[in-house]
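model-v2.cif follows (mmCIF, C-alpha atoms):
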data_target
loop_
_atom_site.label_atom_id
_atom_site.label_comp_id
_atom_site.auth_asym_id
_atom_site.auth_seq_id
_atom_site.Cartn_x
_atom_site.Cartn_y
_atom_site.Cartn_z
CA MET A 608 74.18 20.36 185.13
CA GLU A 609 75.15 17.14 183.37
CA THR A 610 75.51 17.15 179.63
CA GLY A 611 72.68 14.63 179.25
CA LYS A 612 70.37 16.95 181.14
CA LEU A 613 71.41 19.89 178.97
CA ILE A 614 70.57 17.87 175.86
CA ASP A 615 67.17 16.95 177.33
CA LEU A 616 66.58 20.64 177.97
CA LEU A 617 67.60 21.84 174.52
CA ALA A 618 65.74 19.07 172.66
CA ARG A 619 62.44 19.47 174.49
CA GLU A 620 59.84 21.09 172.25
CA PRO A 621 62.33 22.75 169.88
CA THR A 622 60.91 25.73 168.06
CA PRO A 623 60.90 25.07 164.31
CA VAL A 624 63.32 27.24 162.35
CA ARG A 625 61.94 28.99 159.29
CA ALA A 626 64.04 28.63 156.16
CA GLY A 627 65.39 31.78 154.53
CA TRP A 628 65.96 33.59 157.83
CA LEU A 629 69.20 35.27 156.73
CA ARG A 630 67.84 36.24 153.32
CA ARG A 631 64.84 37.98 154.92
CA ARG A 632 67.05 39.83 157.40
CA LEU A 633 69.45 40.99 154.69
CA ALA A 634 66.52 42.19 152.57
CA ILE A 635 65.26 44.20 155.55
CA ALA A 636 68.74 45.64 156.15
CA LEU A 637 69.00 46.63 152.48
CA LEU A 638 65.59 48.28 152.56
CA VAL A 639 66.10 50.08 155.88
CA GLY A 640 69.65 51.12 154.98
CA GLY A 641 68.61 52.37 151.55
CA MET A 642 65.56 54.24 152.79
CA GLY A 643 67.52 55.75 155.68
CA ALA A 644 70.26 56.95 153.35
CA LEU A 645 67.70 58.34 150.90
CA LEU A 646 65.91 60.30 153.62
CA MET A 647 69.20 61.65 154.98
CA MET A 648 70.30 62.62 151.48
CA LEU A 649 67.00 64.44 150.84
CA ALA A 650 67.10 66.16 154.21
CA TYR A 651 70.73 67.26 154.30
CA LEU A 652 72.05 67.27 150.72
CA GLY A 653 69.22 67.31 148.17
CA ILE A 654 68.97 65.66 144.76
CA ARG A 655 71.20 67.10 142.07
CA PRO A 656 68.99 69.43 139.98
CA ASP A 657 70.10 68.01 136.64
CA LEU A 658 69.51 64.37 137.61
CA SER A 659 67.13 63.66 134.72
CA GLN A 660 69.70 64.87 132.17
CA ALA A 661 72.59 63.18 133.93
CA ALA A 662 70.68 59.90 133.98
CA ARG A 663 70.72 59.91 130.18
CA THR A 664 74.52 59.83 130.07
CA PRO A 665 76.31 56.46 130.20
CA MET A 666 78.78 57.86 132.71
CA PHE A 667 76.02 58.23 135.30
CA TRP A 668 75.36 54.50 135.10
CA VAL A 669 79.04 53.66 135.23
CA LYS A 670 79.21 55.78 138.35
CA LEU A 671 76.22 54.07 139.92
CA GLY A 672 77.60 50.72 138.79
CA LEU A 673 80.64 51.04 141.05
CA PRO A 674 78.77 50.99 144.38
CA VAL A 675 76.02 48.69 143.10
CA SER A 676 78.43 46.01 141.90
CA LEU A 677 80.34 46.27 145.18
CA LEU A 678 77.03 46.02 147.02
CA ALA A 679 76.35 42.70 145.28
CA VAL A 680 79.77 41.43 146.33
CA ALA A 681 79.29 42.65 149.90
CA LEU A 682 75.88 40.97 150.15
CA LEU A 683 77.29 37.67 148.97
CA ALA A 684 80.32 37.91 151.26
CA THR A 685 78.21 38.92 154.26
CA ALA A 686 75.83 36.01 153.70
CA ARG A 687 78.76 33.60 153.55
CA LEU A 688 80.64 34.99 156.54
CA ALA A 689 77.47 34.89 158.62
CA ARG A 690 77.40 31.10 158.61
CA PRO A 691 79.95 28.89 160.36
CA GLY A 692 81.73 26.53 157.99
CA VAL A 693 81.06 28.51 154.82
CA ARG A 694 84.20 29.84 153.21
CA LEU A 695 84.45 33.34 151.82
CA GLY A 696 85.85 31.83 148.64
CA ARG A 697 86.28 34.20 145.72
CA ALA A 698 83.86 36.79 147.10
CA GLY A 699 86.76 38.70 148.66
CA VAL A 700 88.70 38.89 145.43
CA ALA A 701 85.54 39.77 143.52
CA ALA A 702 85.43 43.08 145.40
CA LEU A 703 88.61 44.08 143.59
CA VAL A 704 87.07 43.72 140.12
CA PRO A 705 84.85 46.85 140.08
CA VAL A 706 87.70 48.81 141.69
CA ALA A 707 90.19 47.64 139.07
CA LEU A 708 87.75 48.53 136.27
CA ILE A 709 87.12 52.06 137.52
CA TRP A 710 90.87 52.56 138.02
CA MET A 711 91.60 51.44 134.47
CA LEU A 712 88.93 53.76 133.13
CA GLY A 713 90.29 56.54 135.32
CA ALA A 714 93.86 55.94 134.14
CA VAL A 715 92.78 56.14 130.49
CA MET A 716 90.92 59.39 131.15
CA LEU A 717 93.88 60.91 133.00
CA LEU A 718 96.23 59.98 130.18
CA GLU A 719 93.93 61.46 127.57
CA ALA A 720 93.36 64.69 129.48
CA GLY A 721 95.87 67.46 129.13
CA PRO A 722 98.35 67.93 131.98
CA GLY A 723 96.50 71.00 133.18
CA ALA A 724 93.16 69.19 133.46
CA ARG A 725 94.37 66.17 135.41
CA VAL A 726 94.29 67.62 138.90
CA ALA A 727 90.84 69.08 138.30
CA MET A 728 89.64 65.69 137.11
CA LEU A 729 90.96 63.95 140.21
CA LEU A 730 89.74 66.46 142.77
CA GLY A 731 86.56 67.67 141.09
CA ALA A 732 84.77 70.38 143.07
CA THR A 733 83.71 68.30 146.05
CA TRP A 734 86.57 65.98 147.03
CA LYS A 735 86.69 67.41 150.53
CA VAL A 736 83.12 66.44 151.42
CA CYS A 737 82.56 63.38 149.25
CA PRO A 738 84.00 60.60 151.49
CA PHE A 739 82.50 62.17 154.58
CA ASN A 740 79.03 62.41 153.01
CA ILE A 741 79.16 58.82 151.81
CA ALA A 742 80.20 57.65 155.27
CA MET A 743 77.37 59.66 156.81
CA LEU A 744 74.76 58.23 154.43
CA SER A 745 75.95 54.72 155.26
CA ILE A 746 75.13 55.01 158.97
CA PRO A 747 71.59 53.54 158.79
CA ALA A 748 72.79 50.60 156.67
CA PHE A 749 75.74 50.10 159.02
CA ILE A 750 73.44 49.73 162.00
CA ALA A 751 71.14 47.45 160.02
CA ALA A 752 74.01 45.26 158.81
CA PHE A 753 75.36 44.79 162.32
CA TRP A 754 71.85 44.07 163.55
CA VAL A 755 71.75 41.17 161.06
CA MET A 756 75.27 39.96 161.78
CA LYS A 757 74.83 40.05 165.54
CA ASP A 758 72.20 37.33 165.31
CA MET A 759 74.31 35.21 163.01
CA ALA A 760 77.48 33.33 163.91
CA PRO A 761 80.50 34.75 162.08
CA THR A 762 83.63 32.78 162.92
CA ARG A 763 85.81 35.55 161.43
CA PRO A 764 84.34 38.61 163.15
CA ARG A 765 86.87 41.07 161.77
CA VAL A 766 86.32 40.11 158.14
CA ALA A 767 82.58 39.80 158.72
CA GLY A 768 82.54 43.28 160.28
CA ALA A 769 84.51 44.67 157.34
CA PHE A 770 82.09 43.29 154.76
CA ALA A 771 79.09 44.41 156.79
CA GLY A 772 80.71 47.87 156.74
CA LEU A 773 81.35 47.64 153.00
CA PHE A 774 77.69 46.68 152.51
CA ALA A 775 76.74 49.90 154.33
CA GLY A 776 79.30 51.98 152.45
CA THR A 777 78.07 50.85 149.05
CA ILE A 778 74.49 51.74 149.95
CA GLY A 779 75.62 55.16 151.14
CA ALA A 780 77.61 55.70 147.93
CA ALA A 781 74.78 54.52 145.67
CA ILE A 782 72.35 56.98 147.26
CA TYR A 783 75.00 59.72 147.19
CA CYS A 784 75.12 59.31 143.38
CA LEU A 785 71.69 60.95 143.28
CA HIS A 786 73.13 64.10 144.86
CA CYS A 787 76.73 64.25 143.73
CA PRO A 788 77.54 66.15 140.51
CA GLU A 789 80.97 64.56 139.97
CA MET A 790 81.23 62.30 136.94
CA ALA A 791 84.97 61.71 136.36
CA PRO A 792 86.20 58.12 136.88
CA PRO A 793 89.45 59.27 138.57
CA PHE A 794 87.32 61.08 141.13
CA LEU A 795 85.07 58.06 141.66
CA GLY A 796 87.99 55.66 141.95
CA THR A 797 89.49 57.80 144.68
CA TRP A 798 86.89 59.63 146.75
CA TYR A 799 83.92 57.28 146.32
CA LEU A 800 86.19 54.39 147.14
CA LEU A 801 87.52 56.18 150.19
CA GLY A 802 83.97 56.98 151.30
CA MET A 803 83.03 53.31 151.09
CA LEU A 804 86.20 52.25 152.87
CA ILE A 805 85.46 54.39 155.93
CA PRO A 806 82.54 52.22 157.11
CA THR A 807 84.50 49.14 155.98
CA ALA A 808 87.36 50.06 158.29
CA ILE A 809 85.01 50.90 161.16
CA GLY A 810 83.29 47.54 160.60
CA ALA A 811 86.61 45.72 160.74
CA LEU A 812 87.42 47.45 164.02
CA ALA A 813 83.96 46.91 165.53
CA GLY A 814 83.54 43.29 164.35
CA PRO A 815 85.63 41.50 166.99
CA ARG A 816 83.97 43.58 169.69
CA LEU A 817 80.34 43.47 168.58
CA LEU A 818 80.04 40.17 166.77
CA ARG A 819 81.14 37.72 169.46
CA TRP A 820 78.80 34.85 170.16
CA MET B 818 82.17 9.67 157.75
CA GLY B 819 79.75 9.85 154.84
CA ALA B 820 77.19 7.74 156.67
CA ARG B 821 77.54 9.80 159.85
CA GLU B 822 77.17 13.01 157.87
CA ASP B 823 74.00 11.70 156.20
CA GLN B 824 72.59 10.50 159.48
CA LEU B 825 73.24 13.77 161.33
CA LYS B 826 71.97 15.79 158.41
CA GLU B 827 68.71 13.86 158.35
CA LEU B 828 68.28 14.25 162.12
CA LEU B 829 69.03 17.98 162.02
CA ALA B 830 66.64 18.55 159.12
CA ARG B 831 63.85 16.92 161.16
CA ALA B 832 64.91 18.83 164.27
CA LEU B 833 64.68 22.16 162.48
CA ARG B 834 61.10 21.29 161.58
CA GLY B 835 60.37 20.88 165.30
CA ASP B 836 60.98 17.13 165.87
CA GLY B 837 62.24 16.92 169.46
CA ALA B 838 63.16 13.21 169.34
CA ALA B 839 65.29 13.72 166.24
CA TYR B 840 66.90 16.74 167.84
CA HIS B 841 67.71 14.75 170.95
CA ALA B 842 69.36 12.03 168.87
CA PHE B 843 71.26 14.70 166.91
CA LEU B 844 72.63 16.46 170.01
CA ASP B 845 73.40 13.13 171.65
CA GLY B 846 75.42 11.91 168.68
CA LEU B 847 77.08 15.27 168.33
CA SER B 848 78.14 15.43 171.97
CA GLY B 849 80.17 12.23 171.50
CA PHE B 850 82.06 13.67 168.56
CA LEU B 851 82.57 16.98 170.34
CA ARG B 852 83.90 15.26 173.46
CA ALA B 853 86.44 13.28 171.44
CA TYR B 854 87.41 16.28 169.29
CA LEU B 855 87.79 18.71 172.18
CA GLY B 856 89.45 16.05 174.32
CA ARG B 857 92.16 15.62 171.69
CA ARG B 858 92.68 19.37 171.43
CA LEU B 859 92.63 19.97 175.17
CA ALA B 860 94.76 17.00 176.14
CA ARG B 861 96.46 19.10 178.80
CA LEU B 862 93.25 20.56 180.15
CA PRO B 863 91.00 17.48 180.58
CA ASP B 864 88.90 19.16 183.26
CA ASP B 865 87.68 21.79 180.82
CA VAL B 866 86.51 19.39 178.11
CA GLU B 867 82.99 18.76 179.40
CA ASP B 868 82.39 22.49 180.00
CA LEU B 869 83.35 23.20 176.43
CA VAL B 870 81.18 20.35 175.13
CA GLN B 871 78.23 21.97 176.90
CA GLU B 872 79.13 25.43 175.68
CA THR B 873 79.38 24.18 172.11
CA LEU B 874 76.06 22.31 172.32
CA LEU B 875 74.42 25.50 173.57
CA ALA B 876 76.01 27.45 170.70
CA VAL B 877 74.82 24.86 168.17
CA HIS B 878 71.33 25.26 169.58
CA ASN B 879 71.36 29.06 169.72
CA GLN B 880 72.82 29.34 166.21
CA ARG B 881 70.84 26.56 164.56
CA HIS B 882 69.21 29.08 162.22
CA THR B 883 72.67 29.68 160.70
CA TYR B 884 72.75 26.16 159.29
CA ASP B 885 72.28 26.05 155.53
CA PRO B 886 70.61 22.70 154.69
CA SER B 887 72.35 22.60 151.31
CA LEU B 888 75.77 22.35 153.01
CA PRO B 889 77.42 19.58 155.06
CA VAL B 890 76.39 19.59 158.70
CA THR B 891 79.91 18.40 159.59
CA ALA B 892 81.54 21.59 158.30
CA TRP B 893 79.00 23.71 160.16
CA VAL B 894 79.44 21.95 163.49
CA HIS B 895 83.20 21.81 163.12
CA ALA B 896 83.38 25.56 162.53
CA ILE B 897 81.27 26.19 165.64
CA ALA B 898 83.37 23.82 167.78
CA ARG B 899 86.59 25.36 166.50
CA TYR B 900 85.33 28.89 167.16
CA LYS B 901 84.32 27.96 170.70
CA LEU B 902 87.66 26.27 171.29
CA VAL B 903 89.64 29.28 170.07
CA ASP B 904 87.42 31.58 172.12
CA PHE B 905 87.98 29.44 175.20
CA LEU B 906 91.76 29.41 174.72
CA ARG B 907 91.79 33.14 174.15
CA ARG B 908 89.80 33.73 177.32
CA ARG B 909 92.34 31.88 179.38
CA SER B 910 95.34 33.19 177.46
CA GLY B 911 95.79 35.86 180.14
CA ARG B 912 97.29 33.01 182.09
CA GLU B 913 98.71 30.94 179.29
CA ALA B 914 99.60 31.92 175.75
CA LEU B 915 97.95 30.10 172.88
CA ASN B 916 100.86 28.59 171.04
CA GLU B 917 99.43 25.42 169.60
CA PRO B 918 98.20 26.05 166.07
CA LEU B 919 94.74 24.66 165.32
CA PRO B 920 94.69 22.96 161.95
CA GLU B 921 91.64 23.79 159.85
CA GLU B 922 91.48 20.30 158.45
CA ASP B 923 90.85 18.38 161.61
CA ASP B 924 88.20 15.74 161.28
CA LEU B 925 85.49 16.38 163.82
CA MET B 926 83.95 12.98 163.28
CA ALA B 927 87.18 10.99 163.56
CA ALA B 928 86.13 9.50 166.85
CA SER B 929 83.33 9.58 169.37
CA ASP B 930 83.52 9.57 173.14
CA GLU B 931 80.20 8.78 174.75
CA GLU B 932 81.34 8.91 178.32
CA ALA B 933 80.41 12.26 179.76
CA ARG B 934 82.72 13.55 182.42
CA GLU B 935 81.96 15.92 185.22
CA ALA B 936 81.44 19.51 184.13
CA ARG B 937 83.24 22.07 186.27
CA ARG B 938 80.91 24.92 185.56
CA ASP B 939 77.40 24.33 186.79
CA LEU B 940 74.82 25.51 184.28
CA ASP B 941 72.10 25.27 186.95
CA THR B 942 73.92 27.97 188.93
CA LEU B 943 74.19 30.19 185.86
CA LEU B 944 70.54 29.53 185.01
CA ALA B 945 69.58 30.72 188.49
CA GLN B 946 71.24 34.07 187.73
CA LEU B 947 68.93 34.82 184.81
CA PRO B 948 66.06 37.26 185.34
CA ASP B 949 62.61 35.71 185.91
CA ARG B 950 61.37 36.49 182.40
CA HIS B 951 64.11 34.22 181.04
CA ARG B 952 64.52 31.74 183.86
CA LEU B 953 60.90 30.82 184.50
CA PRO B 954 60.06 29.89 180.88
CA ILE B 955 63.24 27.77 180.62
CA VAL B 956 62.66 25.99 183.93
CA LEU B 957 58.94 25.38 183.42
CA VAL B 958 58.93 24.46 179.72
CA LYS B 959 62.38 23.07 179.02
CA ILE B 960 63.17 21.37 182.34
CA GLU B 961 59.82 20.55 183.92
CA GLY B 962 58.20 19.87 180.57
CA ARG B 963 55.10 21.99 181.00
CA SER B 964 53.39 23.36 177.92
CA VAL B 965 53.83 26.93 176.76
CA ALA B 966 50.15 27.60 177.50
CA GLU B 967 50.43 26.27 181.07
CA THR B 968 53.59 28.27 181.66
CA ALA B 969 51.95 31.41 180.35
CA LYS B 970 49.07 30.89 182.78
CA ALA B 971 51.33 30.10 185.73
CA THR B 972 53.61 33.10 185.22
CA GLY B 973 51.12 35.65 183.92
CA MET B 974 53.22 36.06 180.78
CA SER B 975 51.79 35.86 177.27
CA GLU B 976 52.53 32.72 175.25
CA SER B 977 54.78 34.62 172.87
CA ALA B 978 56.64 36.17 175.82
CA VAL B 979 57.25 32.63 177.12
CA LYS B 980 58.70 31.56 173.76
CA VAL B 981 60.81 34.69 173.46
CA GLY B 982 61.93 34.21 177.07
CA ILE B 983 63.24 30.72 176.29
CA HIS B 984 65.02 31.91 173.15
CA ARG B 985 66.60 34.99 174.72
CA GLY B 986 67.27 33.16 177.99
CA LEU B 987 69.38 30.48 176.30
CA LYS B 988 71.30 33.22 174.52
CA ALA B 989 71.79 35.04 177.82
CA LEU B 990 73.01 31.77 179.35
CA ALA B 991 75.61 31.46 176.58
CA ALA B 992 76.66 35.06 177.25
CA LEU B 993 77.07 34.31 180.97
CA ILE B 994 79.39 31.41 180.08
CA ARG B 995 81.57 33.71 177.96
CA LYS B 996 82.18 36.06 180.86
#
Could you spell out this file's structure in structure tokens?
Amino acid sequence: METGKLIDLLAREPTPVRAGWLRRRLAIALLVGGMGALLMMLAYLGIRPDLSQAARTPMFWVKLGLPVSLLAVALLATARLARPGVRLGRAGVAALVPVALIWMLGAVMLLEAGPGARVAMLLGATWKVCPFNIAMLSIPAFIAAFWVMKDMAPTRPRVAGAFAGLFAGTIGAAIYCLHCPEMAPPFLGTWYLLGMLIPTAIGALAGPRLLRW
Amino acid sequence: MGAREDQLKELLARALRGDGAAYHAFLDGLSGFLRAYLGRRLARLPDDVEDLVQETLLAVHNQRHTYDPSLPVTAWVHAIARYKLVDFLRRRSGREALNEPLPEEDDLMAASDEEAREARRDLDTLLAQLPDRHRLPIVLVKIEGRSVAETAKATGMSESAVKVGIHRGLKALAALIRK
């Protein structure tokens, strides 16, 4: 087929493109991923019984703030990486800000705690299951994020896959906050972060394979 | 450069609203820039240039919903062309290693080459490999110029199935090229 003929073909009766396509898809992914994680959490883990009391402490909101602020960064980065010719810019570095804050808070707490209390503060009671549970709760959002990205055109599939994975991980971690009794910043900066990094790493591995176009 | 950007941007904006004539002018202008750009980059592989021009045009079409109207159309098209070029070189790197670096800052619109060469890969042959639900809507609507309603009647498909068939079919065609 000659190029002129291909152009005739493509240009004949083009279907109009609705504006805001990506925004709608990302909203759906957020909703589906969040609802999926919530249902999984209710079915397999259950809400922490003292949630209403915990929600009155500032630390609960600091804890929730970690995944939620990273979610905002991941959304922005995913939206940028989905479009050819749009640079990631500072969105990548922005992901380090919430992590640095929780680490600083954690360092202060560890220094203030007595030597005997430090290990307990870092490991809590649930460090063995925390990252795994977060990764599990992020599965619906992971599928949804790749469903969005597959129809876009990321020119850096590995980075795009990683941020799609981070998007899923932050949703999993945010929902996990409703179950998890741990409140110590050193714990959050370690095990919550690790939990969110599992889907991020899987996304980085899957990106080049699944996001080709 | 600025004038070309403005002109292409205006044409693409109209095309995305469904204006076929504007879209034709957009793709036509774009193909000249792509041919010159890819020709420069594939100086040692001149026979592959036209194939890659076609592949990039198809990608531009299939991914046109990824264009953000608030951003320069040049940057968008350049990123697509560059991605397709790297993908092409990687595909053939089994035979030949990719050792020429591709500068990011290469002006897509530096020159235009209107003279289409012969394509090596025949898209008609690839089109014939598509299943009927994709092939028939593309052939009847996009090549023969029949309406969606006529095509639906002729094939026994619903009108929305005809539209989806065109959309998915062109994506499947791009996937066949990548193989």
Contact set, chain A to chain B: 10 Å, all atoms listed in the file, as a PyMOL selection string: chain A and resi 608-629+686+689-693+758-763+819-820
Run through the PyMOL selection byres ((chain A and resi 651-661) around 9) on the given coordinates and return the selected residues as a ChimeraX atom specification. /A:646-650,662-667,740,783-788
Let me know the residues the PyMOL selection byres ((chain A and resi 711-715) around 9) catches in the file above, as a PyMOL selection string. chain A and resi 706-710+716-720+729+791-796
Between atom CA of B:Arg852 and atom CA of B:Leu906, what distance in Å does the model show, to one decimal? 16.2 Å
Name the residues captured by the PyMOL selection byres ((chain A and resi 801-805) around 12) when it is applied to the shown file; answer as an MDAnalysis selection string. chainID A and resid 673:675 677:678 681 702 706 734:746 748:749 769:783 794:800 806:812
Would you mind exporting the chosen residues as a PDB file, in the frame of the given file, restricted to C-alpha atoms?
ATOM      1  CA  LEU A 673      80.640  51.040 141.050  1.00  0.00           C
ATOM      2  CA  PRO A 674      78.770  50.990 144.380  1.00  0.00           C
ATOM      3  CA  VAL A 675      76.020  48.690 143.100  1.00  0.00           C
ATOM      4  CA  LEU A 677      80.340  46.270 145.180  1.00  0.00           C
ATOM      5  CA  LEU A 678      77.030  46.020 147.020  1.00  0.00           C
ATOM      6  CA  ALA A 681      79.290  42.650 149.900  1.00  0.00           C
ATOM      7  CA  ALA A 702      85.430  43.080 145.400  1.00  0.00           C
ATOM      8  CA  VAL A 706      87.700  48.810 141.690  1.00  0.00           C
ATOM      9  CA  TRP A 734      86.570  65.980 147.030  1.00  0.00           C
ATOM     10  CA  LYS A 735      86.690  67.410 150.530  1.00  0.00           C
ATOM     11  CA  VAL A 736      83.120  66.440 151.420  1.00  0.00           C
ATOM     12  CA  CYS A 737      82.560  63.380 149.250  1.00  0.00           C
ATOM     13  CA  PRO A 738      84.000  60.600 151.490  1.00  0.00           C
ATOM     14  CA  PHE A 739      82.500  62.170 154.580  1.00  0.00           C
ATOM     15  CA  ASN A 740      79.030  62.410 153.010  1.00  0.00           C
ATOM     16  CA  ILE A 741      79.160  58.820 151.810  1.00  0.00           C
ATOM     17  CA  ALA A 742      80.200  57.650 155.270  1.00  0.00           C
ATOM     18  CA  MET A 743      77.370  59.660 156.810  1.00  0.00           C
ATOM     19  CA  LEU A 744      74.760  58.230 154.430  1.00  0.00           C
ATOM     20  CA  SER A 745      75.950  54.720 155.260  1.00  0.00           C
ATOM     21  CA  ILE A 746      75.130  55.010 158.970  1.00  0.00           C
ATOM     22  CA  ALA A 748      72.790  50.600 156.670  1.00  0.00           C
ATOM     23  CA  PHE A 749      75.740  50.100 159.020  1.00  0.00           C
ATOM     24  CA  ALA A 769      84.510  44.670 157.340  1.00  0.00           C
ATOM     25  CA  PHE A 770      82.090  43.290 154.760  1.00  0.00           C
ATOM     26  CA  ALA A 771      79.090  44.410 156.790  1.00  0.00           C
ATOM     27  CA  GLY A 772      80.710  47.870 156.740  1.00  0.00           C
ATOM     28  CA  LEU A 773      81.350  47.640 153.000  1.00  0.00           C
ATOM     29  CA  PHE A 774      77.690  46.680 152.510  1.00  0.00           C
ATOM     30  CA  ALA A 775      76.740  49.900 154.330  1.00  0.00           C
ATOM     31  CA  GLY A 776      79.300  51.980 152.450  1.00  0.00           C
ATOM     32  CA  THR A 777      78.070  50.850 149.050  1.00  0.00           C
ATOM     33  CA  ILE A 778      74.490  51.740 149.950  1.00  0.00           C
ATOM     34  CA  GLY A 779      75.620  55.160 151.140  1.00  0.00           C
ATOM     35  CA  ALA A 780      77.610  55.700 147.930  1.00  0.00           C
ATOM     36  CA  ALA A 781      74.780  54.520 145.670  1.00  0.00           C
ATOM     37  CA  ILE A 782      72.350  56.980 147.260  1.00  0.00           C
ATOM     38  CA  TYR A 783      75.000  59.720 147.190  1.00  0.00           C
ATOM     39  CA  PHE A 794      87.320  61.080 141.130  1.00  0.00           C
ATOM     40  CA  LEU A 795      85.070  58.060 141.660  1.00  0.00           C
ATOM     41  CA  GLY A 796      87.990  55.660 141.950  1.00  0.00           C
ATOM     42  CA  THR A 797      89.490  57.800 144.680  1.00  0.00           C
ATOM     43  CA  TRP A 798      86.890  59.630 146.750  1.00  0.00           C
ATOM     44  CA  TYR A 799      83.920  57.280 146.320  1.00  0.00           C
ATOM     45  CA  LEU A 800      86.190  54.390 147.140  1.00  0.00           C
ATOM     46  CA  PRO A 806      82.540  52.220 157.110  1.00  0.00           C
ATOM     47  CA  THR A 807      84.500  49.140 155.980  1.00  0.00           C
ATOM     48  CA  ALA A 808      87.360  50.060 158.290  1.00  0.00           C
ATOM     49  CA  ILE A 809      85.010  50.900 161.160  1.00  0.00           C
ATOM     50  CA  GLY A 810      83.290  47.540 160.600  1.00  0.00           C
ATOM     51  CA  ALA A 811      86.610  45.720 160.740  1.00  0.00           C
ATOM     52  CA  LEU A 812      87.420  47.450 164.020  1.00  0.00           C
TER      53      LEU A 812
END
Box for stretch 965-982 of chain B - axis-aligned, 3 Å on each of the six sides, all listed atoms - centre and size in Å to one decimal, as JSON.
{"center_x": 55.5, "center_y": 31.2, "center_z": 179.3, "size_x": 18.9, "size_y": 15.9, "size_z": 18.9}
What's the 7 Å shell around A:Pro747, counting all atoms listed in the file, without same-chain residues fewer than 4 positions away, as a compact mmCIF listing (two decimals) with C-alpha atoms, in the coordinates of the input?
# COMPACT_ATOMS: atom_id res chain seq x y z
CA GLY A 640 69.65 51.12 154.98
CA GLY A 643 67.52 55.75 155.68
CA ALA A 644 70.26 56.95 153.35
CA ALA A 751 71.14 47.45 160.02
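Atom CA of B:Ala989 sits 16.9 Å away from atom CA of A:Trp754.
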Separation of atom CA of A:Ala724 and atom CA of A:Ser676, in Å?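 These two atoms are separated by 28.7 Å.
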Return the single residue from B:Ala978, B:Thr972, B:Arg952, B:Ile994 that is closest to B:Leu869, with distances computed using all atoms listed in the file.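 Using all atoms listed in the file, the shortest distance to B:Leu869 belongs to B:Ile994.
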Please write as a ChimeraX atom specification the list of polymer residues whose atoms come within 9 Å of (87.8, 17.3, 173.7), counting only C-alpha atoms and keeping to the coordinates of the file. /B:850-860,863,865-867,869-870,930
